[in-house]
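Dumped protein-v8.csv below, it's CSV, C-alpha atoms (C1' of nucleotides):
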chain,number,residue,atom,x,y,z
X,29,MET,CA,15.0,3.6,7.8
X,30,ALA,CA,12.0,2.4,5.8
X,31,ALA,CA,9.8,4.4,8.1
X,32,GLY,CA,11.9,7.5,7.4
X,33,LEU,CA,11.5,7.1,3.7
X,34,GLN,CA,7.8,6.6,4.2
X,35,SER,CA,7.4,9.9,6.0
X,36,ARG,CA,9.7,11.7,3.6
X,37,ALA,CA,7.5,10.5,0.8
X,38,GLN,CA,4.3,11.6,2.6
X,39,ALA,CA,5.7,15.1,3.1
X,40,LEU,CA,6.7,15.4,-0.6
X,41,ILE,CA,3.3,14.3,-1.7
X,42,ARG,CA,1.4,16.6,0.7
X,43,ASN,CA,3.3,19.5,-0.8
X,44,THR,CA,1.7,18.8,-4.2
X,45,GLN,CA,-1.8,19.5,-2.8
X,46,ALA,CA,-3.1,16.3,-4.3
X,47,HIS,CA,-4.5,13.4,-2.4
X,48,LEU,CA,-2.2,11.5,-0.1
X,49,THR,CA,-2.8,7.8,-1.0
X,50,GLN,CA,-1.1,4.6,-0.1
X,51,PRO,CA,0.0,3.7,-3.7
X,52,ARG,CA,1.7,7.1,-4.1
X,53,VAL,CA,3.4,6.9,-0.7
X,54,ARG,CA,4.6,3.4,-1.2
X,55,VAL,CA,5.9,3.9,-4.7
X,56,LEU,CA,7.7,7.1,-3.9
X,57,ALA,CA,9.2,5.6,-0.8
X,58,LEU,CA,10.6,2.8,-2.9
X,59,LEU,CA,12.1,5.3,-5.3
X,60,LEU,CA,13.6,7.3,-2.5
X,61,GLY,CA,15.2,4.2,-1.1
X,62,ALA,CA,16.5,2.8,-4.4
X,63,ARG,CA,20.1,3.5,-5.3
X,64,ARG,CA,19.4,3.1,-9.0
X,65,GLU,CA,16.5,3.6,-11.3
X,66,LEU,CA,13.6,1.1,-11.1
X,67,SER,CA,11.3,-0.2,-13.9
X,68,HIS,CA,7.6,-0.7,-13.4
X,69,ASP,CA,8.3,-4.4,-13.2
X,70,GLU,CA,10.8,-4.1,-10.5
X,71,ILE,CA,8.5,-1.8,-8.5
X,72,MET,CA,5.7,-4.4,-8.8
X,73,ALA,CA,8.0,-7.0,-7.5
X,74,LEU,CA,9.0,-4.9,-4.6
X,75,LEU,CA,5.5,-3.8,-3.6
X,76,PRO,CA,3.6,-6.9,-2.7
X,77,LEU,CA,5.8,-7.3,0.3
X,78,GLU,CA,3.4,-5.0,2.0
X,79,ALA,CA,0.2,-5.1,0.0
X,80,PRO,CA,-0.9,-5.4,-3.6
X,81,VAL,CA,-1.3,-2.4,-5.8
X,82,ASP,CA,-2.7,-2.7,-9.3
X,83,ARG,CA,-0.2,-2.5,-12.1
X,84,VAL,CA,-2.2,0.3,-13.9
X,85,THR,CA,-2.2,2.3,-10.7
X,86,VAL,CA,1.5,2.0,-10.4
X,87,TYR,CA,1.9,3.2,-14.0
X,88,ARG,CA,-0.4,6.2,-13.2
X,89,VAL,CA,1.4,6.9,-10.0
X,90,LEU,CA,4.8,7.0,-11.8
X,91,ASP,CA,3.4,9.3,-14.5
X,92,TRP,CA,2.0,11.5,-11.8
X,93,LEU,CA,5.3,11.6,-9.8
X,94,ALA,CA,7.1,12.5,-13.0
X,95,ALA,CA,4.6,15.3,-13.8
X,96,GLN,CA,5.0,16.6,-10.3
X,97,GLY,CA,8.8,16.7,-10.6
X,98,LEU,CA,9.2,14.2,-7.8
X,99,ALA,CA,10.6,11.5,-10.2
X,100,ARG,CA,12.5,11.6,-13.4
X,101,ARG,CA,11.9,9.1,-16.2
X,102,SER,CA,14.4,7.6,-18.6
X,103,VAL,CA,14.2,5.1,-21.4
X,104,GLY,CA,16.7,2.3,-21.7
X,105,ARG,CA,17.9,0.4,-24.7
X,106,ASP,CA,15.3,-2.2,-23.9
X,107,ARG,CA,12.6,0.5,-24.5
X,108,VAL,CA,11.5,0.2,-20.8
X,109,PHE,CA,10.8,3.3,-18.7
X,110,ARG,CA,12.8,3.5,-15.5
X,111,TYR,CA,12.2,6.0,-12.7
X,112,GLY,CA,14.3,7.6,-10.0
X,113,ALA,CA,13.4,10.0,-7.2
X,114,ALA,CA,14.3,13.5,-8.2
X,115,GLN,CA,16.7,15.1,-5.9
X,116,ALA,CA,15.7,18.5,-4.5
X,117,GLY,CA,17.3,21.3,-6.4
X,118,GLU,CA,18.4,18.7,-9.0
X,119,ALA,CA,18.4,21.0,-12.0
X,120,ARG,CA,20.9,23.5,-10.8
X,121,ALA,CA,23.5,21.4,-9.0
X,122,PRO,CA,26.5,20.3,-11.2
X,123,ARG,CA,25.7,16.8,-12.0
X,124,ALA,CA,27.1,13.8,-13.7
X,125,GLU,CA,25.4,10.7,-14.8
X,126,PHE,CA,26.6,7.3,-16.0
X,127,LYS,CA,24.5,5.6,-18.6
X,128,CYS,CA,25.0,1.9,-19.4
X,129,ASN,CA,24.7,1.4,-23.2
X,130,GLN,CA,23.7,-2.2,-22.6
X,131,CYS,CA,20.9,-2.1,-20.1
X,132,GLY,CA,20.2,1.6,-20.3
X,133,ILE,CA,20.2,2.2,-16.6
X,134,THR,CA,21.3,5.7,-15.5
X,135,ARG,CA,22.8,6.5,-12.2
X,136,ARG,CA,24.5,9.5,-10.7
X,137,VAL,CA,28.2,9.5,-10.2
X,138,ARG,CA,30.8,11.8,-8.7
X,139,ALA,CA,32.7,13.8,-11.3
X,140,SER,CA,34.6,17.0,-11.7
X,141,ALA,CA,32.8,19.4,-14.0
X,142,ALA,CA,34.3,19.9,-17.5
X,143,LYS,CA,35.9,23.2,-18.2
X,144,ALA,CA,34.8,24.9,-21.3
X,145,ARG,CA,36.0,27.7,-23.5
X,146,LEU,CA,32.8,29.5,-24.4
X,147,PRO,CA,32.5,32.1,-27.1
X,148,ARG,CA,32.3,35.7,-26.1
X,149,GLY,CA,28.9,36.6,-24.6
X,150,TYR,CA,28.0,33.1,-23.5
X,151,THR,CA,27.1,32.6,-19.9
X,152,PRO,CA,27.1,29.1,-18.4
X,153,GLN,CA,24.6,28.3,-15.7
X,154,TYR,CA,25.1,24.7,-15.0
X,155,VAL,CA,26.8,21.7,-16.6
X,156,GLU,CA,25.5,18.2,-17.2
X,157,THR,CA,27.9,15.4,-17.8
X,158,LEU,CA,26.9,12.1,-19.3
X,159,ILE,CA,29.3,9.2,-19.2
X,160,VAL,CA,28.3,6.4,-21.5
X,161,GLY,CA,29.8,2.9,-21.0
X,162,THR,CA,29.1,-0.4,-19.4
X,163,CYS,CA,27.9,-0.9,-15.9
X,164,SER,CA,29.2,-3.6,-13.5
X,165,ASP,CA,26.2,-5.8,-13.9
X,166,CYS,CA,26.4,-5.9,-17.7
X,167,ALA,CA,30.1,-6.3,-17.7
X,168,GLY,CA,29.8,-9.3,-15.4
X,169,ALA,CA,27.1,-11.0,-17.5
X,170,HIS,CA,29.3,-10.8,-20.6
D,21,MET,CA,21.5,11.2,-56.6
D,22,ALA,CA,19.1,8.4,-55.6
D,23,ALA,CA,21.0,6.1,-57.9
D,24,GLY,CA,24.2,7.0,-56.2
D,25,LEU,CA,22.8,6.1,-52.8
D,26,GLN,CA,21.6,2.9,-54.3
D,27,SER,CA,25.0,1.9,-55.5
D,28,ARG,CA,26.8,3.0,-52.3
D,29,ALA,CA,24.4,0.8,-50.4
D,30,GLN,CA,25.1,-2.1,-52.7
D,31,ALA,CA,28.8,-1.7,-52.2
D,32,LEU,CA,28.5,-1.6,-48.4
D,33,ILE,CA,26.3,-4.6,-48.4
D,34,ARG,CA,28.6,-6.6,-50.7
D,35,ASN,CA,31.4,-6.0,-48.2
D,36,THR,CA,29.6,-7.9,-45.6
D,37,GLN,CA,29.8,-11.2,-47.6
D,38,ALA,CA,26.0,-11.6,-47.1
D,39,HIS,CA,23.4,-11.8,-49.8
D,40,LEU,CA,22.7,-8.7,-51.7
D,41,THR,CA,19.0,-8.3,-51.6
D,42,GLN,CA,16.5,-5.7,-52.7
D,43,PRO,CA,15.1,-5.0,-49.2
D,44,ARG,CA,18.6,-4.5,-47.8
D,45,VAL,CA,19.7,-2.2,-50.6
D,46,ARG,CA,16.5,-0.1,-50.5
D,47,VAL,CA,16.5,0.3,-46.7
D,48,LEU,CA,20.2,1.2,-46.5
D,49,ALA,CA,19.9,3.6,-49.4
D,50,LEU,CA,17.1,5.3,-47.5
D,51,LEU,CA,19.2,5.6,-44.4
D,52,LEU,CA,22.1,6.9,-46.4
D,53,GLY,CA,19.9,9.6,-47.9
D,54,ALA,CA,18.2,10.7,-44.7
D,55,ARG,CA,19.4,13.7,-42.9
D,56,ARG,CA,18.0,12.4,-39.6
D,57,GLU,CA,17.3,9.1,-38.0
D,58,LEU,CA,14.3,7.2,-39.3
D,59,SER,CA,11.8,5.0,-37.4
D,60,HIS,CA,10.6,1.7,-38.8
D,61,ASP,CA,7.3,3.4,-39.5
D,62,GLU,CA,8.8,6.2,-41.5
D,63,ILE,CA,10.8,3.7,-43.5
D,64,MET,CA,7.7,1.7,-44.3
D,65,ALA,CA,6.1,4.9,-45.5
D,66,LEU,CA,9.0,5.8,-47.7
D,67,LEU,CA,9.5,2.4,-49.3
D,68,PRO,CA,6.2,1.7,-51.1
D,69,LEU,CA,7.1,4.3,-53.6
D,70,GLU,CA,9.2,1.7,-55.3
D,71,ALA,CA,7.8,-1.7,-54.2
D,72,PRO,CA,6.3,-3.2,-51.0
D,73,VAL,CA,8.5,-4.8,-48.5
D,74,ASP,CA,7.1,-6.8,-45.6
D,75,ARG,CA,7.3,-5.0,-42.2
D,76,VAL,CA,8.9,-7.9,-40.5
D,77,THR,CA,11.6,-8.0,-43.2
D,78,VAL,CA,12.3,-4.3,-42.6
D,79,TYR,CA,12.7,-5.0,-38.9
D,80,ARG,CA,15.1,-7.8,-39.7
D,81,VAL,CA,17.0,-5.7,-42.2
D,82,LEU,CA,17.4,-2.9,-39.7
D,83,ASP,CA,18.6,-5.4,-37.0
D,84,TRP,CA,21.0,-6.8,-39.5
D,85,LEU,CA,22.3,-3.5,-40.6
D,86,ALA,CA,22.9,-2.5,-37.0
D,87,ALA,CA,24.7,-5.9,-36.3
D,88,GLN,CA,26.9,-5.2,-39.3
D,89,GLY,CA,27.8,-1.8,-38.1
D,90,LEU,CA,26.2,-0.2,-41.1
D,91,ALA,CA,23.5,1.5,-39.0
D,92,ARG,CA,23.2,2.7,-35.5
D,93,ARG,CA,20.1,2.4,-33.4
D,94,SER,CA,18.8,4.7,-30.8
D,95,VAL,CA,15.8,4.8,-28.6
D,96,GLY,CA,13.8,8.0,-28.3
D,97,ARG,CA,11.6,9.2,-25.4
D,98,ASP,CA,8.7,7.6,-27.2
D,99,ARG,CA,10.3,4.2,-26.8
D,100,VAL,CA,10.6,3.8,-30.6
D,101,PHE,CA,13.8,2.6,-32.3
D,102,ARG,CA,15.3,5.0,-34.8
D,103,TYR,CA,18.1,4.2,-37.3
D,104,GLY,CA,20.7,6.2,-39.0
D,105,ALA,CA,23.5,5.1,-41.4
D,106,ALA,CA,26.7,4.8,-39.5
D,107,GLN,CA,29.4,7.1,-40.7
D,108,ALA,CA,32.7,5.4,-41.6
D,109,GLY,CA,34.9,5.5,-38.6
D,110,GLU,CA,32.2,7.2,-36.7
D,111,ALA,CA,34.2,9.2,-34.2
D,112,ARG,CA,33.5,9.0,-30.5
D,113,ALA,CA,35.6,12.0,-29.8
D,114,PRO,CA,35.0,13.8,-26.5
D,115,ARG,CA,32.3,16.4,-27.2
D,116,ALA,CA,30.6,19.2,-25.5
D,117,GLU,CA,27.6,21.2,-26.4
D,118,PHE,CA,26.2,24.5,-25.2
D,119,LYS,CA,22.4,24.8,-25.0
D,120,CYS,CA,20.8,28.2,-24.5
D,121,ASN,CA,17.9,27.9,-22.1
D,122,GLN,CA,16.2,30.9,-23.7
D,123,CYS,CA,16.3,30.3,-27.4
D,124,GLY,CA,17.0,26.6,-27.1
D,125,ILE,CA,19.7,26.4,-29.8
D,126,THR,CA,22.5,24.0,-29.3
D,127,ARG,CA,26.0,24.4,-30.6
D,128,ARG,CA,29.2,22.5,-30.1
D,129,VAL,CA,32.0,24.1,-28.0
D,130,ARG,CA,35.5,23.3,-27.0
D,131,ALA,CA,35.8,21.8,-23.5
D,132,SER,CA,37.9,19.5,-21.5
D,133,ALA,CA,36.3,16.2,-20.6
D,134,ALA,CA,35.1,15.8,-17.0
D,135,LYS,CA,36.9,13.3,-14.8
D,136,ALA,CA,34.7,10.9,-13.0
D,137,ARG,CA,35.1,8.5,-10.2
D,138,LEU,CA,33.2,5.5,-11.3
D,139,PRO,CA,32.2,2.6,-9.1
D,140,ARG,CA,34.0,-0.6,-9.4
D,141,GLY,CA,33.2,-2.5,-12.6
D,142,TYR,CA,32.0,0.5,-14.5
D,143,THR,CA,33.8,1.1,-17.9
D,144,PRO,CA,33.4,4.4,-19.5
D,145,GLN,CA,33.4,4.6,-23.3
D,146,TYR,CA,32.8,8.3,-24.1
D,147,VAL,CA,31.7,11.4,-22.3
D,148,GLU,CA,29.1,13.9,-23.4
D,149,THR,CA,29.1,17.3,-21.8
D,150,LEU,CA,26.1,19.7,-21.9
D,151,ILE,CA,26.5,23.2,-20.8
D,152,VAL,CA,23.3,25.1,-20.2
D,153,GLY,CA,23.2,28.8,-20.0
D,154,THR,CA,22.5,31.9,-22.1
D,155,CYS,CA,23.9,32.5,-25.5
D,156,SER,CA,25.3,35.9,-26.7
D,157,ASP,CA,22.2,36.7,-28.8
D,158,CYS,CA,19.8,36.2,-25.9
D,159,ALA,CA,22.1,37.9,-23.4
D,160,GLY,CA,22.1,41.1,-25.5
D,161,ALA,CA,18.3,41.1,-26.2
D,162,HIS,CA,17.4,40.6,-22.6
U,11,DG,C1',-17.5,12.4,13.6
U,12,DC,C1',-20.4,12.4,9.0
U,13,DC,C1',-21.5,13.7,4.4
U,14,DC,C1',-20.7,14.6,-0.4
U,15,DA,C1',-18.1,16.2,-4.4
U,16,DA,C1',-13.8,15.5,-6.4
U,17,DT,C1',-10.0,12.6,-7.0
U,18,DT,C1',-8.0,7.8,-7.3
U,19,DT,C1',-8.0,3.1,-7.7
U,20,DG,C1',-8.9,-1.5,-9.8
U,21,DC,C1',-10.3,-4.2,-13.5
U,22,DA,C1',-10.8,-5.5,-18.3
U,23,DA,C1',-9.9,-4.6,-22.7
U,24,DC,C1',-7.1,-2.6,-25.8
U,25,DC,C1',-2.9,-0.5,-28.6
U,26,DC,C1',1.2,-0.9,-31.0
U,27,DG,C1',6.1,-1.5,-31.8
U,28,DG,C1',8.7,-5.3,-32.0
U,29,DT,C1',9.6,-10.6,-32.2
U,30,DT,C1',9.1,-15.6,-33.4
U,31,DG,C1',8.0,-20.0,-36.2
U,32,DC,C1',7.8,-21.8,-40.4
U,33,DA,C1',6.9,-22.6,-45.2
U,34,DT,C1',8.2,-20.3,-49.7
U,35,DA,C1',11.4,-17.8,-52.6
U,36,DA,C1',15.7,-15.5,-53.8
U,37,DT,C1',20.8,-15.7,-53.9
U,38,DC,C1',25.2,-17.2,-55.4
U,39,DG,C1',29.1,-20.7,-55.5
U,40,DC,C1',29.6,-24.5,-58.3
G,6,DG,C1',21.4,-24.1,-64.7
G,7,DC,C1',21.5,-26.8,-59.9
G,8,DG,C1',21.2,-27.2,-55.2
G,9,DA,C1',22.5,-25.9,-50.5
G,10,DT,C1',22.2,-21.8,-48.0
G,11,DT,C1',20.3,-17.5,-46.7
G,12,DA,C1',16.5,-14.2,-46.8
G,13,DT,C1',11.7,-13.0,-47.3
G,14,DG,C1',6.6,-13.0,-46.4
G,15,DC,C1',2.9,-14.3,-43.6
G,16,DA,C1',0.4,-15.1,-39.4
G,17,DA,C1',0.4,-15.4,-34.8
G,18,DC,C1',2.3,-13.8,-30.8
G,19,DC,C1',4.7,-10.9,-26.8
G,20,DG,C1',4.9,-7.4,-23.4
G,21,DG,C1',5.2,-2.7,-21.8
G,22,DG,C1',2.2,0.8,-21.6
G,23,DT,C1',-2.6,3.1,-22.1
G,24,DT,C1',-7.7,3.8,-22.0
G,25,DG,C1',-12.8,3.6,-20.4
G,26,DC,C1',-15.5,3.2,-16.7
G,27,DA,C1',-17.6,1.8,-12.4
G,28,DA,C1',-16.4,1.3,-7.4
G,29,DA,C1',-13.7,3.0,-3.6
G,30,DT,C1',-11.0,6.5,-1.1
G,31,DT,C1',-9.8,11.2,0.2
G,32,DG,C1',-10.5,15.4,2.6
G,33,DG,C1',-12.9,19.9,3.0
G,34,DG,C1',-17.2,21.5,5.0
G,35,DC,C1',-20.7,20.9,8.5

The structure in this file should be written as structure tokens.
Amino acid sequence: MAAGLQSRAQALIRNTQAHLTQPRVRVLALLLGARRELSHDEIMALLPLEAPVDRVTVYRVLDWLAAQGLARRSVGRDRVFRYGAAQAGEARAPRAEFKCNQCGITRRVRASAAKARLPRGYTPQYVETLIVGTCSDCAGAH
Amino acid sequence: MAAGLQSRAQALIRNTQAHLTQPRVRVLALLLGARRELSHDEIMALLPLEAPVDRVTVYRVLDWLAAQGLARRSVGRDRVFRYGAAQAGEARAPRAEFKCNQCGITRRVRASAAKARLPRGYTPQYVETLIVGTCSDCAGAH
DNA sequence: GCCCAATTTGCAACCCGGTTGCATAATCGC
DNA sequence: GCGATTATGCAACCGGGTTGCAAATTGGGC
């Protein structure tokens, strides 16, 4: 499983024409395997299991992944960046996200698309739904 | 006009039972008069016109206003807090917006809210729907 | 395989929005 | 006015993120 993520990450990075490096592969593999967005801090905590990567390098890798469209970046209430692997074809598929208004974490959820009454001449292409509320972690920790 | 804001601010602050102070009145009056959210920095730049207020005090006033429900706080992409005066009975009505991906204008439209299947422990509070497409103006002027 | 230019990494120092500790000053019930 | 309570100002601090630059890695040519 981890090996699969590793090679998926390698393939995605090779597509960008840029250098294939260990920090990039390891960080992207981490994002691909995560089921929620990760902060720089969390990534640092997860990485040393294999080998140390400088914190500045991780910042730069994350910036780079976002610039390549391989990761998306969001800002939580705590003013901390969090990153998730961008799904292929992400922009066009109908999507719904849940955003916790306490910790600011965003994750994708299943939802039916809203039906809209658009004025004459308006053509919809895709719909994004954002559900704001409290996630289970924050609900638990009062 | 500015005097009106000043007295509105005073009334709102008196309602909280806390001390009525110059920093609180001036900051809240500023928020009431602003037509968009203001950052701490912008508020500092606006204040000295009358008299200087310490930056830490402004931070604390803003925190306090938010805690009292007199202001709402949001975090932008730049990780900076911005504050706006909270409208009385600020409605969290289900809302939907249409955004044209050609001209970029956004307008509100009527739409039914999406129904989501949330994971256990997740509590929704409100739903925002964004419909991306082409508006009538841009459709006509291909 | 080996070399070399271009790209990345690691380190140290820095930036800046926001927070904390504490002594001084303003507020308001009496 | 008087005094306990609450808020302000100042200085130092915190932490996530960024920058400058030398050393190391990558990968195309040979």

Could you produce a table of the residues of chain U lying within 9 Å of chain D, with the nearest pair of atoms per residue and their separation in Å rounded to one decimal, using only C-alpha atoms (C1' of nucleotides), ordered by chain and increasing residue number, as JSON lines?
{"residue": "U:DG27", "atom": "C1'", "partner": "D:Val100", "partner_atom": "CA", "distance": 7.1}
{"residue": "U:DG28", "atom": "C1'", "partner": "D:Tyr79", "partner_atom": "CA", "distance": 8.0}
{"residue": "U:DT29", "atom": "C1'", "partner": "D:Val76", "partner_atom": "CA", "distance": 8.8}
{"residue": "U:DA36", "atom": "C1'", "partner": "D:Thr41", "partner_atom": "CA", "distance": 8.2}
{"residue": "U:DT37", "atom": "C1'", "partner": "D:His39", "partner_atom": "CA", "distance": 6.2}
{"residue": "U:DC38", "atom": "C1'", "partner": "D:His39", "partner_atom": "CA", "distance": 8.0}

Selection from above, C-alpha atoms (C1' of nucleotides), as a short mmCIF file (atom, residue, chain, number, x, y, z; two decimals), in the frame of the given file, can you write it?
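Output file again-v5.cif follows:
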data_model
loop_
_atom_site.label_atom_id
_atom_site.label_comp_id
_atom_site.auth_asym_id
_atom_site.auth_seq_id
_atom_site.Cartn_x
_atom_site.Cartn_y
_atom_site.Cartn_z
"C1'" DG U 27 6.10 -1.50 -31.80
"C1'" DG U 28 8.70 -5.30 -32.00
"C1'" DT U 29 9.60 -10.60 -32.20
"C1'" DA U 36 15.70 -15.50 -53.80
"C1'" DT U 37 20.80 -15.70 -53.90
"C1'" DC U 38 25.20 -17.20 -55.40
#

Could you please determine the separation between atom C1' of DT13 of chain G and atom C1' of DT30 of chain U in Å, to one decimal place?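 We find that atom C1' of DT13 of chain G and atom C1' of DT30 of chain U lie 14.4 Å from each other.
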
Discussion item. What's the separation between atom CA of Arg52 of chain X and atom CA of Glu65 of chain X, in Å to one decimal place?
Written reply: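 Interatomic distance here is 16.8 Å.
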
- If we count only C-alpha atoms (C1' of nucleotides), which residues of chain G reach to within 9 Å of chain X? Please list them as an MDAnalysis selection string. chainID G and resid 21:23 30:32

At a cut-off of 10 Å around the point (5.3, -21.1, -44.4) (file coordinates), what residues fall inside when counting only C-alpha atoms (C1' of nucleotides)? I'd like the answer as a CSV table (one decimal) with C-alpha atoms (C1' of nucleotides), in the coordinates of the input.
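Writing done, so here's selection.csv:
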chain,number,residue,atom,x,y,z
U,31,DG,C1',8.0,-20.0,-36.2
U,32,DC,C1',7.8,-21.8,-40.4
U,33,DA,C1',6.9,-22.6,-45.2
U,34,DT,C1',8.2,-20.3,-49.7
G,14,DG,C1',6.6,-13.0,-46.4
G,15,DC,C1',2.9,-14.3,-43.6
G,16,DA,C1',0.4,-15.1,-39.4

re atom CA of Asp74 of chain D and atom CA of Gly104 of chain D: distance 19.9 Å

Using all atoms listed in the file, the shortest atom-to-atom distance to chain X among D:Ser59, D:Arg97, D:Leu48, D:Glu117 belongs to D:Arg97

Within 12 Å of Ile33 of chain D, counting all atoms listed in the file, which residues show up once you throw out same-chain ones fewer than 4 positions away? Write them as an mmCIF file with C-alpha atoms, keeping the file's coordinate frame, please.
data_model
loop_
_atom_site.group_PDB
_atom_site.id
_atom_site.type_symbol
_atom_site.label_atom_id
_atom_site.label_comp_id
_atom_site.auth_asym_id
_atom_site.auth_seq_id
_atom_site.Cartn_x
_atom_site.Cartn_y
_atom_site.Cartn_z
ATOM 1 C CA GLN D 26 21.600 2.900 -54.300
ATOM 2 C CA SER D 27 25.000 1.900 -55.500
ATOM 3 C CA ARG D 28 26.800 3.000 -52.300
ATOM 4 C CA ALA D 29 24.400 0.800 -50.400
ATOM 5 C CA GLN D 37 29.800 -11.200 -47.600
ATOM 6 C CA ALA D 38 26.000 -11.600 -47.100
ATOM 7 C CA HIS D 39 23.400 -11.800 -49.800
ATOM 8 C CA LEU D 40 22.700 -8.700 -51.700
ATOM 9 C CA THR D 41 19.000 -8.300 -51.600
ATOM 10 C CA GLN D 42 16.500 -5.700 -52.700
ATOM 11 C CA PRO D 43 15.100 -5.000 -49.200
ATOM 12 C CA ARG D 44 18.600 -4.500 -47.800
ATOM 13 C CA VAL D 45 19.700 -2.200 -50.600
ATOM 14 C CA ARG D 46 16.500 -0.100 -50.500
ATOM 15 C CA VAL D 47 16.500 0.300 -46.700
ATOM 16 C CA LEU D 48 20.200 1.200 -46.500
ATOM 17 C CA ALA D 49 19.900 3.600 -49.400
ATOM 18 C CA VAL D 81 17.000 -5.700 -42.200
ATOM 19 C CA TRP D 84 21.000 -6.800 -39.500
ATOM 20 C CA LEU D 85 22.300 -3.500 -40.600
ATOM 21 C CA GLN D 88 26.900 -5.200 -39.300
ATOM 22 C CA GLY D 89 27.800 -1.800 -38.100
ATOM 23 C CA LEU D 90 26.200 -0.200 -41.100
ATOM 24 C CA ALA D 91 23.500 1.500 -39.000
#
